[in-house]
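Asks: File name structure-v5.cif; file contents mmCIF, C-alpha atoms; full text below.
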data_final
loop_
_atom_site.label_atom_id
_atom_site.label_comp_id
_atom_site.auth_asym_id
_atom_site.auth_seq_id
_atom_site.Cartn_x
_atom_site.Cartn_y
_atom_site.Cartn_z
CA MET A 1149 -22.51 -2.65 34.89
CA MET A 1150 -19.60 -2.30 32.45
CA SER A 1151 -20.12 -5.90 31.43
CA LEU A 1152 -23.78 -5.21 30.66
CA VAL A 1153 -22.86 -2.13 28.59
CA LYS A 1154 -20.26 -4.13 26.65
CA ARG A 1155 -22.81 -6.86 25.95
CA ASN A 1156 -25.34 -4.29 24.71
CA VAL A 1157 -22.78 -2.52 22.53
CA SER A 1158 -21.65 -5.87 21.16
CA LYS A 1159 -25.25 -6.81 20.43
CA LEU A 1160 -25.91 -3.51 18.65
CA LEU A 1161 -22.73 -3.90 16.58
CA SER A 1162 -23.79 -7.42 15.65
CA ILE A 1163 -27.23 -6.24 14.54
CA PHE A 1164 -25.65 -3.35 12.61
CA LEU A 1165 -23.17 -5.61 10.81
CA THR A 1166 -25.87 -8.17 10.03
CA SER A 1167 -28.05 -5.43 8.54
CA ILE A 1168 -25.19 -4.23 6.37
CA LEU A 1169 -24.52 -7.76 5.14
CA MET A 1170 -28.23 -8.31 4.43
CA VAL A 1171 -28.42 -5.08 2.43
CA ALA A 1172 -25.24 -5.99 0.56
CA GLY A 1173 -26.62 -9.45 -0.13
CA VAL A 1174 -29.87 -8.04 -1.50
CA ALA A 1175 -27.93 -5.56 -3.64
CA GLN A 1176 -25.65 -8.29 -4.97
CA GLY A 1177 -28.62 -10.54 -5.66
CA ALA A 1178 -30.45 -7.77 -7.49
CA PHE A 1179 -27.31 -6.97 -9.48
CA ALA A 1180 -26.87 -10.63 -10.40
CA GLU A 1181 -30.46 -10.88 -11.60
CA GLU A 1182 -30.13 -7.71 -13.64
CA SER A 1183 -26.87 -8.93 -15.16
CA ALA A 1184 -28.45 -12.26 -16.12
CA ALA A 1185 -31.46 -10.51 -17.65
CA ALA A 1186 -29.24 -8.08 -19.54
CA ALA A 1187 -27.04 -10.91 -20.84
CA LYS A 1188 -29.92 -13.07 -21.98
CA GLY A 1189 -31.26 -12.73 -25.50
CA SER A 1190 -34.51 -13.87 -27.08
CA LEU A 1191 -35.61 -16.96 -28.95
CA VAL A 1192 -38.17 -17.13 -31.75
CA ILE A 1193 -38.98 -20.82 -32.20
CA ILE A 1194 -41.10 -21.37 -35.32
CA GLY A 1195 -43.04 -24.58 -35.99
CA GLY A 1196 -42.19 -24.74 -39.71
CA ASN A 1197 -43.86 -23.59 -42.94
CA LEU A 1198 -43.41 -19.92 -42.12
CA GLU A 1199 -45.38 -17.95 -44.69
CA THR A 1200 -43.94 -14.80 -46.21
CA ASN A 1201 -47.03 -12.78 -45.27
CA ASN A 1202 -46.75 -13.62 -41.56
CA ALA A 1203 -45.86 -10.09 -40.52
CA ASP A 1204 -46.19 -10.81 -36.80
CA ILE A 1205 -43.33 -13.28 -36.79
CA TYR A 1206 -41.02 -11.44 -39.20
CA ASN A 1207 -41.50 -8.11 -37.42
CA LYS A 1208 -40.89 -9.74 -34.04
CA MET A 1209 -37.62 -11.29 -35.23
CA ILE A 1210 -36.50 -7.94 -36.59
CA GLU A 1211 -37.57 -6.08 -33.44
CA LEU A 1212 -35.68 -8.49 -31.18
CA SER A 1213 -32.61 -8.15 -33.41
CA GLY A 1214 -32.48 -4.40 -32.85
CA GLY A 1215 -35.03 -2.96 -35.31
CA LYS A 1216 -35.05 -2.46 -39.07
CA GLU A 1217 -32.13 -0.03 -39.19
CA LYS A 1218 -29.85 -1.68 -36.65
CA ALA A 1219 -30.57 -5.38 -37.11
CA ILE A 1220 -27.82 -7.51 -38.63
CA ILE A 1221 -29.29 -10.93 -39.33
CA GLY A 1222 -27.25 -14.03 -40.12
CA ILE A 1223 -28.95 -16.99 -41.79
CA PHE A 1224 -27.60 -20.53 -41.42
CA PRO A 1225 -28.44 -22.84 -44.38
CA THR A 1226 -26.92 -25.81 -42.52
CA ALA A 1227 -30.03 -28.01 -42.15
CA SER A 1228 -31.05 -27.71 -45.79
CA GLY A 1229 -29.69 -29.57 -48.79
CA SER A 1230 -29.75 -26.38 -50.88
CA MET A 1231 -29.54 -22.60 -50.54
CA THR A 1232 -33.12 -22.03 -51.69
CA SER A 1233 -34.74 -21.50 -48.28
CA SER A 1234 -31.86 -19.28 -47.11
CA ASN A 1235 -32.13 -17.06 -50.20
CA GLU A 1236 -35.90 -16.81 -49.68
CA MET A 1237 -35.45 -15.83 -46.03
CA LYS A 1238 -32.94 -13.16 -47.02
CA LYS A 1239 -35.44 -11.69 -49.50
CA ASP A 1240 -38.18 -11.79 -46.86
CA PHE A 1241 -36.13 -9.95 -44.26
CA GLU A 1242 -35.24 -7.34 -46.87
CA ALA A 1243 -38.91 -6.98 -47.85
CA TYR A 1244 -39.75 -6.31 -44.19
CA GLY A 1245 -37.28 -3.42 -44.11
CA VAL A 1246 -33.84 -4.77 -43.16
CA PRO A 1247 -31.11 -3.36 -45.47
CA ALA A 1248 -29.78 -5.95 -47.92
CA ASP A 1249 -26.22 -5.71 -46.62
CA HIS A 1250 -27.51 -6.37 -43.10
CA VAL A 1251 -28.90 -9.79 -44.06
CA ARG A 1252 -26.10 -12.30 -44.50
CA ILE A 1253 -26.14 -15.98 -45.39
CA ILE A 1254 -23.48 -17.62 -43.23
CA ASP A 1255 -21.85 -20.30 -45.35
CA ILE A 1256 -21.94 -23.37 -43.09
CA THR A 1257 -23.37 -26.30 -45.02
CA GLU A 1258 -23.41 -30.08 -44.81
CA LYS A 1259 -20.60 -30.20 -47.38
CA ASN A 1260 -18.21 -27.55 -46.03
CA TYR A 1261 -18.82 -27.36 -42.28
CA THR A 1262 -15.52 -29.01 -41.29
CA GLU A 1263 -13.69 -26.07 -42.88
CA LYS A 1264 -16.09 -23.34 -41.77
CA VAL A 1265 -17.17 -23.85 -38.15
CA ASN A 1266 -13.78 -22.86 -36.75
CA ASN A 1267 -12.95 -20.35 -39.48
CA THR A 1268 -12.04 -16.86 -38.21
CA ASP A 1269 -14.00 -14.98 -40.90
CA VAL A 1270 -17.15 -17.07 -40.36
CA VAL A 1271 -16.93 -16.58 -36.60
CA LYS A 1272 -16.51 -12.83 -37.13
CA THR A 1273 -19.67 -12.71 -39.27
CA ILE A 1274 -21.61 -14.55 -36.57
CA SER A 1275 -20.25 -12.27 -33.85
CA GLU A 1276 -21.29 -9.16 -35.75
CA SER A 1277 -24.89 -10.38 -35.96
CA THR A 1278 -27.69 -9.17 -33.69
CA GLY A 1279 -30.01 -11.92 -34.87
CA LEU A 1280 -29.40 -15.45 -36.16
CA PHE A 1281 -31.77 -17.76 -38.01
CA PHE A 1282 -31.52 -21.54 -38.65
CA VAL A 1283 -33.52 -22.70 -41.69
CA GLY A 1284 -35.41 -26.00 -41.82
CA GLY A 1285 -34.31 -29.36 -43.19
CA ASP A 1286 -32.57 -32.07 -41.17
CA GLN A 1287 -31.72 -31.00 -37.62
CA SER A 1288 -28.97 -33.60 -37.30
CA ARG A 1289 -27.00 -31.66 -39.93
CA ILE A 1290 -26.97 -28.66 -37.57
CA THR A 1291 -25.77 -30.53 -34.50
CA LYS A 1292 -23.21 -32.48 -36.52
CA ALA A 1293 -21.81 -29.23 -37.90
CA PHE A 1294 -21.85 -27.08 -34.75
CA TYR A 1295 -20.40 -29.60 -32.30
CA ASN A 1296 -16.83 -30.82 -32.57
CA PRO A 1297 -16.41 -34.63 -32.89
CA ASP A 1298 -15.65 -34.81 -29.14
CA GLY A 1299 -18.93 -33.05 -28.32
CA SER A 1300 -17.38 -29.69 -27.46
CA HIS A 1301 -18.53 -26.39 -28.95
CA THR A 1302 -17.05 -25.28 -32.24
CA LYS A 1303 -15.98 -21.66 -32.44
CA ALA A 1304 -19.10 -21.01 -34.52
CA LEU A 1305 -21.40 -22.39 -31.81
CA THR A 1306 -19.57 -20.43 -29.12
CA ALA A 1307 -20.11 -17.30 -31.22
CA VAL A 1308 -23.85 -18.04 -31.51
CA TRP A 1309 -24.06 -18.43 -27.74
CA ASP A 1310 -22.17 -15.17 -27.27
CA VAL A 1311 -24.67 -13.33 -29.49
CA TYR A 1312 -27.53 -14.82 -27.47
CA LYS A 1313 -25.95 -14.01 -24.11
CA ALA A 1314 -25.27 -10.44 -25.24
CA GLY A 1315 -28.98 -9.88 -25.89
CA GLY A 1316 -29.28 -10.98 -29.50
CA MET A 1317 -32.07 -13.00 -31.10
CA VAL A 1318 -31.69 -16.67 -32.04
CA SER A 1319 -34.42 -18.18 -34.19
CA GLY A 1320 -35.18 -21.20 -36.29
CA SER A 1321 -37.99 -22.89 -38.16
CA SER A 1322 -38.80 -26.62 -38.36
CA ALA A 1323 -35.40 -28.32 -37.93
CA GLY A 1324 -34.14 -24.93 -36.77
CA ALA A 1325 -36.73 -25.11 -34.00
CA ALA A 1326 -35.97 -28.70 -32.99
CA ILE A 1327 -32.33 -27.87 -32.20
CA MET A 1328 -33.38 -25.24 -29.65
CA SER A 1329 -33.83 -27.80 -26.85
CA ASN A 1330 -31.49 -30.40 -25.42
CA PRO A 1331 -32.27 -33.20 -25.94
CA MET A 1332 -33.91 -32.86 -29.33
CA ILE A 1333 -36.05 -35.40 -31.13
CA GLN A 1334 -36.53 -36.42 -34.72
CA ASN A 1335 -37.71 -39.25 -36.99
CA THR A 1336 -40.92 -41.29 -36.87
CA THR A 1337 -44.57 -40.42 -36.50
CA SER A 1338 -46.46 -40.68 -33.23
CA LEU A 1339 -47.86 -44.09 -34.15
CA GLU A 1340 -44.44 -45.41 -35.21
CA THR A 1341 -43.05 -44.22 -31.89
CA PHE A 1342 -45.48 -46.46 -30.01
CA GLU A 1343 -44.66 -49.34 -32.36
CA LYS A 1344 -40.87 -48.99 -32.39
CA GLY A 1345 -40.02 -47.10 -29.21
CA VAL A 1346 -37.12 -44.74 -28.55
CA THR A 1347 -33.64 -45.08 -30.02
CA TYR A 1348 -30.41 -43.23 -29.37
CA ASP A 1349 -28.91 -44.33 -32.69
CA GLY A 1350 -30.02 -42.46 -35.79
CA ASN A 1351 -29.37 -45.55 -37.90
CA LYS A 1352 -31.92 -47.65 -36.00
CA PRO A 1353 -35.74 -47.47 -36.27
CA GLY A 1354 -37.68 -45.56 -33.64
CA LEU A 1355 -37.92 -42.07 -32.22
CA TRP A 1356 -34.38 -40.72 -32.28
CA VAL A 1357 -33.47 -38.77 -29.15
CA THR A 1358 -30.15 -36.96 -29.40
CA LYS A 1359 -28.26 -33.86 -28.36
CA GLY A 1360 -29.62 -30.45 -29.35
CA LEU A 1361 -28.05 -27.00 -29.02
CA GLY A 1362 -29.99 -26.27 -25.82
CA PHE A 1363 -30.85 -22.56 -26.11
CA PHE A 1364 -34.35 -23.24 -24.75
CA GLU A 1365 -34.25 -24.45 -21.15
CA GLY A 1366 -37.95 -25.09 -20.50
CA GLY A 1367 -38.18 -28.62 -21.90
CA ILE A 1368 -38.20 -30.53 -25.19
CA VAL A 1369 -39.39 -28.69 -28.33
CA ASP A 1370 -41.27 -30.36 -31.18
CA GLN A 1371 -42.50 -28.68 -34.37
CA HIS A 1372 -45.07 -29.11 -37.20
CA PHE A 1373 -46.99 -30.22 -34.16
CA SER A 1374 -50.72 -30.22 -34.94
CA LYS A 1375 -50.44 -30.78 -38.69
CA ARG A 1376 -48.29 -33.88 -38.25
CA GLY A 1377 -49.98 -35.21 -35.11
CA ARG A 1378 -46.85 -35.29 -32.98
CA ILE A 1379 -48.48 -35.24 -29.56
CA GLY A 1380 -47.88 -38.97 -29.07
CA ARG A 1381 -44.19 -38.95 -29.86
CA LEU A 1382 -43.55 -35.97 -27.57
CA VAL A 1383 -45.20 -37.75 -24.63
CA VAL A 1384 -43.04 -40.83 -25.20
CA ALA A 1385 -39.86 -38.76 -25.50
CA LEU A 1386 -40.57 -36.88 -22.27
CA VAL A 1387 -41.32 -39.99 -20.21
CA HIS A 1388 -38.29 -41.89 -21.51
CA GLU A 1389 -36.00 -38.91 -20.98
CA LYS A 1390 -37.46 -38.23 -17.52
CA MET A 1391 -38.22 -34.65 -18.49
CA ASN A 1392 -41.47 -33.11 -17.29
CA TYR A 1393 -42.35 -30.56 -19.97
CA GLY A 1394 -42.66 -30.56 -23.74
CA PHE A 1395 -43.61 -27.73 -26.09
CA GLY A 1396 -45.23 -28.48 -29.44
CA ILE A 1397 -45.34 -25.45 -31.72
CA ASP A 1398 -47.65 -25.39 -34.73
CA GLU A 1399 -46.79 -24.44 -38.31
CA ASN A 1400 -46.64 -20.73 -39.23
CA SER A 1401 -46.60 -19.99 -35.49
CA ALA A 1402 -43.86 -19.15 -33.01
CA MET A 1403 -42.85 -19.35 -29.38
CA VAL A 1404 -41.21 -16.03 -28.46
CA VAL A 1405 -39.03 -16.73 -25.43
CA LYS A 1406 -37.60 -13.98 -23.21
CA GLY A 1407 -36.19 -15.22 -19.95
CA SER A 1408 -38.65 -17.85 -18.71
CA GLU A 1409 -41.70 -16.33 -20.42
CA ILE A 1410 -43.13 -17.69 -23.66
CA GLN A 1411 -45.58 -15.75 -25.80
CA VAL A 1412 -47.30 -17.41 -28.74
CA ILE A 1413 -47.65 -15.47 -31.99
CA GLY A 1414 -48.64 -16.39 -35.53
CA ALA A 1415 -51.41 -18.34 -37.21
CA SER A 1416 -51.99 -21.23 -34.78
CA GLY A 1417 -50.75 -22.22 -31.34
CA MET A 1418 -48.60 -24.20 -28.95
CA PHE A 1419 -49.26 -27.37 -26.96
CA LEU A 1420 -47.77 -27.70 -23.48
CA ILE A 1421 -47.35 -31.33 -22.43
CA ASP A 1422 -46.80 -31.91 -18.69
CA VAL A 1423 -45.83 -35.45 -17.68
CA SER A 1424 -44.74 -34.59 -14.14
CA LYS A 1425 -47.57 -36.78 -12.76
CA THR A 1426 -47.71 -39.28 -15.62
CA THR A 1427 -47.31 -42.99 -15.00
CA LEU A 1428 -46.32 -45.65 -17.52
CA SER A 1429 -48.07 -48.94 -16.78
CA LYS A 1430 -46.63 -52.39 -17.34
CA LYS A 1431 -49.00 -52.74 -20.29
CA GLY A 1432 -47.64 -49.57 -21.89
CA ALA A 1433 -50.38 -47.07 -20.99
CA TYR A 1434 -49.33 -43.45 -20.48
CA GLU A 1435 -51.76 -42.26 -17.81
CA ASN A 1436 -52.50 -38.77 -16.48
CA VAL A 1437 -50.74 -36.53 -18.99
CA ASP A 1438 -51.64 -32.87 -18.43
CA VAL A 1439 -52.28 -31.13 -21.78
CA SER A 1440 -52.74 -27.41 -22.43
CA TYR A 1441 -53.05 -25.50 -25.67
CA ILE A 1442 -52.63 -21.72 -26.12
CA GLU A 1443 -52.72 -19.39 -29.11
CA LYS A 1444 -51.77 -15.89 -30.30
CA GLY A 1445 -51.18 -13.44 -27.47
CA ASP A 1446 -51.29 -16.07 -24.71
CA LYS A 1447 -48.28 -16.49 -22.44
CA TYR A 1448 -46.76 -19.20 -20.28
CA ASN A 1449 -43.94 -18.87 -17.77
CA PHE A 1450 -42.00 -22.11 -17.44
CA ALA A 1451 -40.40 -20.98 -14.17
CA THR A 1452 -43.62 -20.11 -12.33
CA LYS A 1453 -45.80 -22.57 -14.35
CA GLN A 1454 -48.37 -19.80 -14.79
CA PHE A 1455 -50.51 -19.00 -17.84
CA THR A 1456 -51.58 -15.50 -18.85
CA MET A 1457 -54.35 -15.32 -21.42
CA ASP A 1458 -54.56 -12.58 -24.04
CA GLU A 1459 -56.84 -9.80 -22.78
CA SER A 1460 -59.27 -10.32 -25.69
CA LYS A 1461 -60.15 -13.83 -24.48
CA THR A 1462 -63.15 -14.84 -22.37
CA LEU A 1463 -63.91 -17.94 -20.34
CA ILE A 1464 -66.03 -20.66 -21.90
CA PRO A 1465 -68.91 -21.05 -19.41
CA LYS A 1466 -69.14 -24.55 -18.01
CA GLY A 1467 -72.46 -26.16 -18.89
CA LYS A 1468 -73.11 -23.68 -21.68
CA GLU A 1469 -70.64 -24.92 -24.28
CA TYR A 1470 -71.62 -24.54 -27.95
CA TYR A 1471 -71.41 -28.18 -29.07
CA GLU A 1472 -73.39 -31.10 -27.71
CA GLY A 1473 -71.93 -34.54 -28.30
CA ASN A 1474 -68.90 -35.77 -30.21
CA SER A 1475 -67.81 -38.82 -32.16
CA LEU A 1476 -64.85 -41.18 -32.09
CA ASN A 1477 -61.92 -39.95 -34.18
CA THR A 1478 -60.30 -42.92 -35.94
CA ASN A 1479 -57.15 -41.01 -36.94
CA ILE A 1480 -56.22 -39.06 -33.81
CA PHE A 1481 -52.64 -38.48 -34.98
CA GLY A 1482 -53.87 -37.07 -38.31
CA SER A 1483 -53.64 -33.44 -39.38
CA ASP A 1484 -55.05 -31.16 -36.64
CA ALA A 1485 -57.00 -34.11 -35.19
CA ALA A 1486 -55.73 -33.76 -31.64
CA LYS A 1487 -56.40 -30.02 -31.64
CA THR A 1488 -59.96 -30.58 -32.87
CA ALA A 1489 -60.53 -33.30 -30.26
CA LEU A 1490 -59.29 -30.95 -27.57
CA LEU A 1491 -61.10 -27.74 -28.55
CA ASP A 1492 -64.30 -28.62 -30.44
CA ASP A 1493 -64.97 -32.11 -29.07
CA LEU A 1494 -64.17 -31.30 -25.44
CA ILE A 1495 -63.51 -27.71 -24.35
CA ASP A 1496 -66.43 -26.15 -26.24
CA ASN A 1497 -68.57 -29.25 -25.81
CA THR A 1498 -70.95 -30.48 -23.11
CA GLU A 1499 -69.22 -33.87 -23.21
CA LYS A 1500 -66.75 -34.72 -20.43
CA GLN A 1501 -64.50 -36.80 -22.69
CA SER A 1502 -63.36 -36.97 -26.30
CA ARG A 1503 -61.70 -40.04 -27.78
CA GLY A 1504 -59.57 -41.01 -30.73
CA LEU A 1505 -57.75 -44.01 -32.14
CA ALA A 1506 -54.56 -44.52 -34.09
CA PHE A 1507 -53.62 -47.95 -35.44
CA SER A 1508 -52.04 -49.87 -38.28
CA LEU A 1509 -53.24 -53.14 -39.84
CA ASP A 1510 -51.40 -56.12 -41.27
CA PRO A 1511 -52.63 -57.93 -44.42
CA SER A 1512 -54.99 -60.04 -42.30
CA LYS A 1513 -56.62 -56.80 -41.11
CA LYS A 1514 -55.39 -57.24 -37.58
CA GLY A 1515 -53.19 -54.75 -35.87
CA LYS A 1516 -52.20 -52.70 -32.85
CA GLY A 1517 -52.42 -49.07 -31.91
CA VAL A 1518 -53.48 -46.70 -29.17
CA SER A 1519 -56.63 -45.14 -27.79
CA VAL A 1520 -56.24 -41.47 -26.83
CA VAL A 1521 -58.71 -40.13 -24.26
CA PHE A 1522 -59.03 -36.43 -23.36
CA THR A 1523 -60.93 -35.79 -20.11
CA LYS A 1524 -62.10 -32.64 -18.35
CA THR A 1525 -60.94 -32.33 -14.74
CA ALA A 1526 -61.70 -29.89 -11.94
CA GLU A 1527 -58.76 -27.79 -13.17
CA THR A 1528 -59.79 -27.71 -16.84
CA ILE A 1529 -60.45 -24.22 -18.22
CA GLY A 1530 -61.36 -23.15 -21.77
CA TYR A 1531 -61.27 -19.77 -23.48
CA TYR A 1532 -62.96 -18.16 -26.47
CA ASP A 1533 -61.02 -15.75 -28.67
CA ALA A 1534 -62.47 -12.40 -29.75
CA SER A 1535 -64.49 -14.17 -32.47
CA GLU A 1536 -65.94 -16.57 -29.89
CA TYR A 1537 -64.14 -19.63 -31.19
CA ALA A 1538 -62.55 -21.99 -28.69
CA SER A 1539 -58.87 -21.14 -28.86
CA SER A 1540 -57.22 -22.10 -25.59
CA ALA A 1541 -57.51 -25.03 -23.21
CA LEU A 1542 -55.74 -25.47 -19.89
CA HIS A 1543 -55.16 -28.63 -17.89
CA VAL A 1544 -56.95 -31.38 -19.79
CA ARG A 1545 -56.12 -34.93 -18.77
CA MET A 1546 -54.90 -37.23 -21.54
CA ASP A 1547 -54.45 -41.01 -21.36
CA ILE A 1548 -52.83 -43.06 -24.13
CA ILE A 1549 -53.79 -46.72 -23.92
CA PRO A 1550 -52.50 -49.60 -26.11
CA ILE A 1551 -55.20 -51.42 -28.10
CA GLU A 1552 -55.52 -54.39 -30.43
CA VAL A 1553 -57.60 -53.96 -33.58
CA GLN A 1554 -59.38 -56.36 -35.89
CA VAL A 1555 -61.46 -55.28 -38.87
CA LYS A 1556 -64.31 -57.49 -40.03
CA GLU A 1557 -66.04 -56.80 -43.31
CA SER A 1558 -69.82 -57.13 -43.60
CA LYS A 1559 -70.94 -59.58 -46.26
#
How does this structure look as structure tokens?
Replies:
Amino acid sequence: MMSLVKRNVSKLLSIFLTSILMVAGVAQGAFAEESAAAAKGSLVIIGGNLETNNADIYNKMIELSGGKEKAIIGIFPTASGSMTSSNEMKKDFEAYGVPADHVRIIDITEKNYTEKVNNTDVVKTISESTGLFFVGGDQSRITKAFYNPDGSHTKALTAVWDVYKAGGMVSGSSAGAAIMSNPMIQNTTSLETFEKGVTYDGNKPGLWVTKGLGFFEGGIVDQHFSKRGRIGRLVVALVHEKMNYGFGIDENSAMVVKGSEIQVIGASGMFLIDVSKTTLSKKGAYENVDVSYIEKGDKYNFATKQFTMDESKTLIPKGKEYYEGNSLNTNIFGSDAAKTALLDDLIDNTEKQSRGLAFSLDPSKKGKGVSVVFTKTAETIGYYDASEYASSALHVRMDIIPIEVQVKESK
């Protein structure tokens, strides 16, 4: 009898202790999540050509830096060959309500960075900032300046990370956007990428893939995306780097990143390129790329892989699309061509496919290039904005197929 009582008491104690440990574990887990959230700042990744009158983006940067009265914004001119863009950004922030003495140009340039990136006064200025902005230019100037020759962080880069971890805002436009991911890409057009391939040496031709600063953890970032037709080069970079997701942000538009959630703001939108199921054939065809495009107010969570559309948007009814029929686009990597092929020629169109070509010719009028095919699938969804224009497309299949071209003139 005593043995049975002891066993029961022992069992009860075991259950009690296990419950305490489970509660403690949950509490510790919750605390850890809260600490990570509290320590994590925000990113505003701008696709280049930010216009002064884009109040949405400027106000968001100021808000995430603490508001007009509290924000202290540091501007890095590092990527640029002059101070012009930095001075213009300073004036813009002041025009949007940040006191002049709270907007500081942090003097790290291509010419002086060896003296500045480990300088105590420069590091102090960075540390005092609640928001930091990298101007456009050449992104390799930024990484060259902010990493030590052995690849370790300079004191300046450590200070930038500390601002971000403490809840500050880190932003950049054009080159300042490219450095947000690791790896980062630069050089060459989409067509040149298919012609010359990927290189890891900036002195050699091809798409240069190199080390970025890595603030954005969701995948590779590319910028000036629709205007410069960069969808092809991002696909190639992702497949060669064995990374599943790429984010192409348009000009005068921004990805606002908080935790794992991205919200698009500004004049245009963001492409999400998913190559997790993509195959590269022996003949060089990139097959089964999943392409999505979202615009102002839309959100994407790169942890859950879920989209949330702006509440003003409505589904495009299948079978009742506005356009009927499309034509072959012979410059698919041209300005806004891929976006038009996706939205007008496919999503808001009764056609099941839209097609485009990109190629170059030699003097004999022969050449090589690619055929780009967008196809609706069972998962494809399109949305109208409040004005009933096609503005978002989810899960369109894209195939990029090598072609040979010969032009014959009629006589």
Asks: Give me, please, the distance in Å between CA of Ala1451 (chain A) and CA of Val1387 (chain A), quoted to one decimal.
Replies: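 Taking CA of Ala1451 (chain A) and CA of Val1387 (chain A), their separation equals 20.0 Å.
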Asks: Which of these, A:Ile1333, A:Leu1382, A:Val1518, A:Ile1551, has the shortest distance to Phe1395 (chain A) once you count only C-alpha atoms?
Replies: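 Among the listed residues, A:Leu1382 lies closest to Phe1395 (chain A).
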Asks: To test your reading of the syntax: which residues would the PyMOL selection byres ((chain A and resi 1373) around 8) return for the file shown? Reply as a PDB file with C-alpha atoms, keeping the file's coordinate frame.
Replies:
ATOM      1  CA  GLY A1195     -43.040 -24.580 -35.990  1.00  0.00           C
ATOM      2  CA  ASP A1370     -41.270 -30.360 -31.180  1.00  0.00           C
ATOM      3  CA  GLN A1371     -42.500 -28.680 -34.370  1.00  0.00           C
ATOM      4  CA  HIS A1372     -45.070 -29.110 -37.200  1.00  0.00           C
ATOM      5  CA  SER A1374     -50.720 -30.220 -34.940  1.00  0.00           C
ATOM      6  CA  LYS A1375     -50.440 -30.780 -38.690  1.00  0.00           C
ATOM      7  CA  ARG A1376     -48.290 -33.880 -38.250  1.00  0.00           C
ATOM      8  CA  GLY A1377     -49.980 -35.210 -35.110  1.00  0.00           C
ATOM      9  CA  ARG A1378     -46.850 -35.290 -32.980  1.00  0.00           C
ATOM     10  CA  ILE A1379     -48.480 -35.240 -29.560  1.00  0.00           C
ATOM     11  CA  GLY A1396     -45.230 -28.480 -29.440  1.00  0.00           C
ATOM     12  CA  ILE A1397     -45.340 -25.450 -31.720  1.00  0.00           C
ATOM     13  CA  ASP A1398     -47.650 -25.390 -34.730  1.00  0.00           C
ATOM     14  CA  GLU A1399     -46.790 -24.440 -38.310  1.00  0.00           C
TER      15      GLU A1399
END
Asks: Using only C-alpha atoms, find each residue in region 1288-1366 of chain A having at least one atom no more than 12 Å away from region 1197-1202 of chain A; report its shortest atom-to-atom pair and that distance in Å (one decimal), rows by chain then rising number, as CSV.
Replies:
residue,atom,partner,partner_atom,distance
A:Gly1320,CA,A:Leu1198,CA,10.2
A:Ser1321,CA,A:Leu1198,CA,7.3
A:Ser1322,CA,A:Asn1197,CA,7.5
A:Ala1323,CA,A:Asn1197,CA,10.9
A:Gly1324,CA,A:Asn1197,CA,11.6
A:Ala1325,CA,A:Asn1197,CA,11.5
Asks: CA of Met1317 (chain A) and CA of Glu1459 (chain A) are how many Å apart?
Replies: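 CA of Met1317 (chain A) sits 26.3 Å away from CA of Glu1459 (chain A).
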Asks: Taking every listed atom of region 1290-1298 of chain A and adding 8 Å to each side, what centre and edge lengths in Å (one decimal) does the axis-aligned box have, as JSON?
Replies:
{"center_x": -21.3, "center_y": -30.9, "center_z": -33.5, "size_x": 27.3, "size_y": 23.7, "size_z": 24.8}
Asks: Quick one: apply the PyMOL selection byres ((chain A and resi 1401-1412) around 6) to the file and drop the selected residues here as a ChimeraX atom specification.
Replies: /A:1190-1195,1398-1400,1413-1416,1443-1451
Asks: Go ahead and save the residues from that selection, with C-alpha atoms, as a tab-separated table (two decimals), in the coordinates of the input.
Replies:
chain	number	residue	atom	x	y	z
A	1190	SER	CA	-34.51	-13.87	-27.08
A	1191	LEU	CA	-35.61	-16.96	-28.95
A	1192	VAL	CA	-38.17	-17.13	-31.75
A	1193	ILE	CA	-38.98	-20.82	-32.20
A	1194	ILE	CA	-41.10	-21.37	-35.32
A	1195	GLY	CA	-43.04	-24.58	-35.99
A	1398	ASP	CA	-47.65	-25.39	-34.73
A	1399	GLU	CA	-46.79	-24.44	-38.31
A	1400	ASN	CA	-46.64	-20.73	-39.23
A	1413	ILE	CA	-47.65	-15.47	-31.99
A	1414	GLY	CA	-48.64	-16.39	-35.53
A	1415	ALA	CA	-51.41	-18.34	-37.21
A	1416	SER	CA	-51.99	-21.23	-34.78
A	1443	GLU	CA	-52.72	-19.39	-29.11
A	1444	LYS	CA	-51.77	-15.89	-30.30
A	1445	GLY	CA	-51.18	-13.44	-27.47
A	1446	ASP	CA	-51.29	-16.07	-24.71
A	1447	LYS	CA	-48.28	-16.49	-22.44
A	1448	TYR	CA	-46.76	-19.20	-20.28
A	1449	ASN	CA	-43.94	-18.87	-17.77
A	1450	PHE	CA	-42.00	-22.11	-17.44
A	1451	ALA	CA	-40.40	-20.98	-14.17
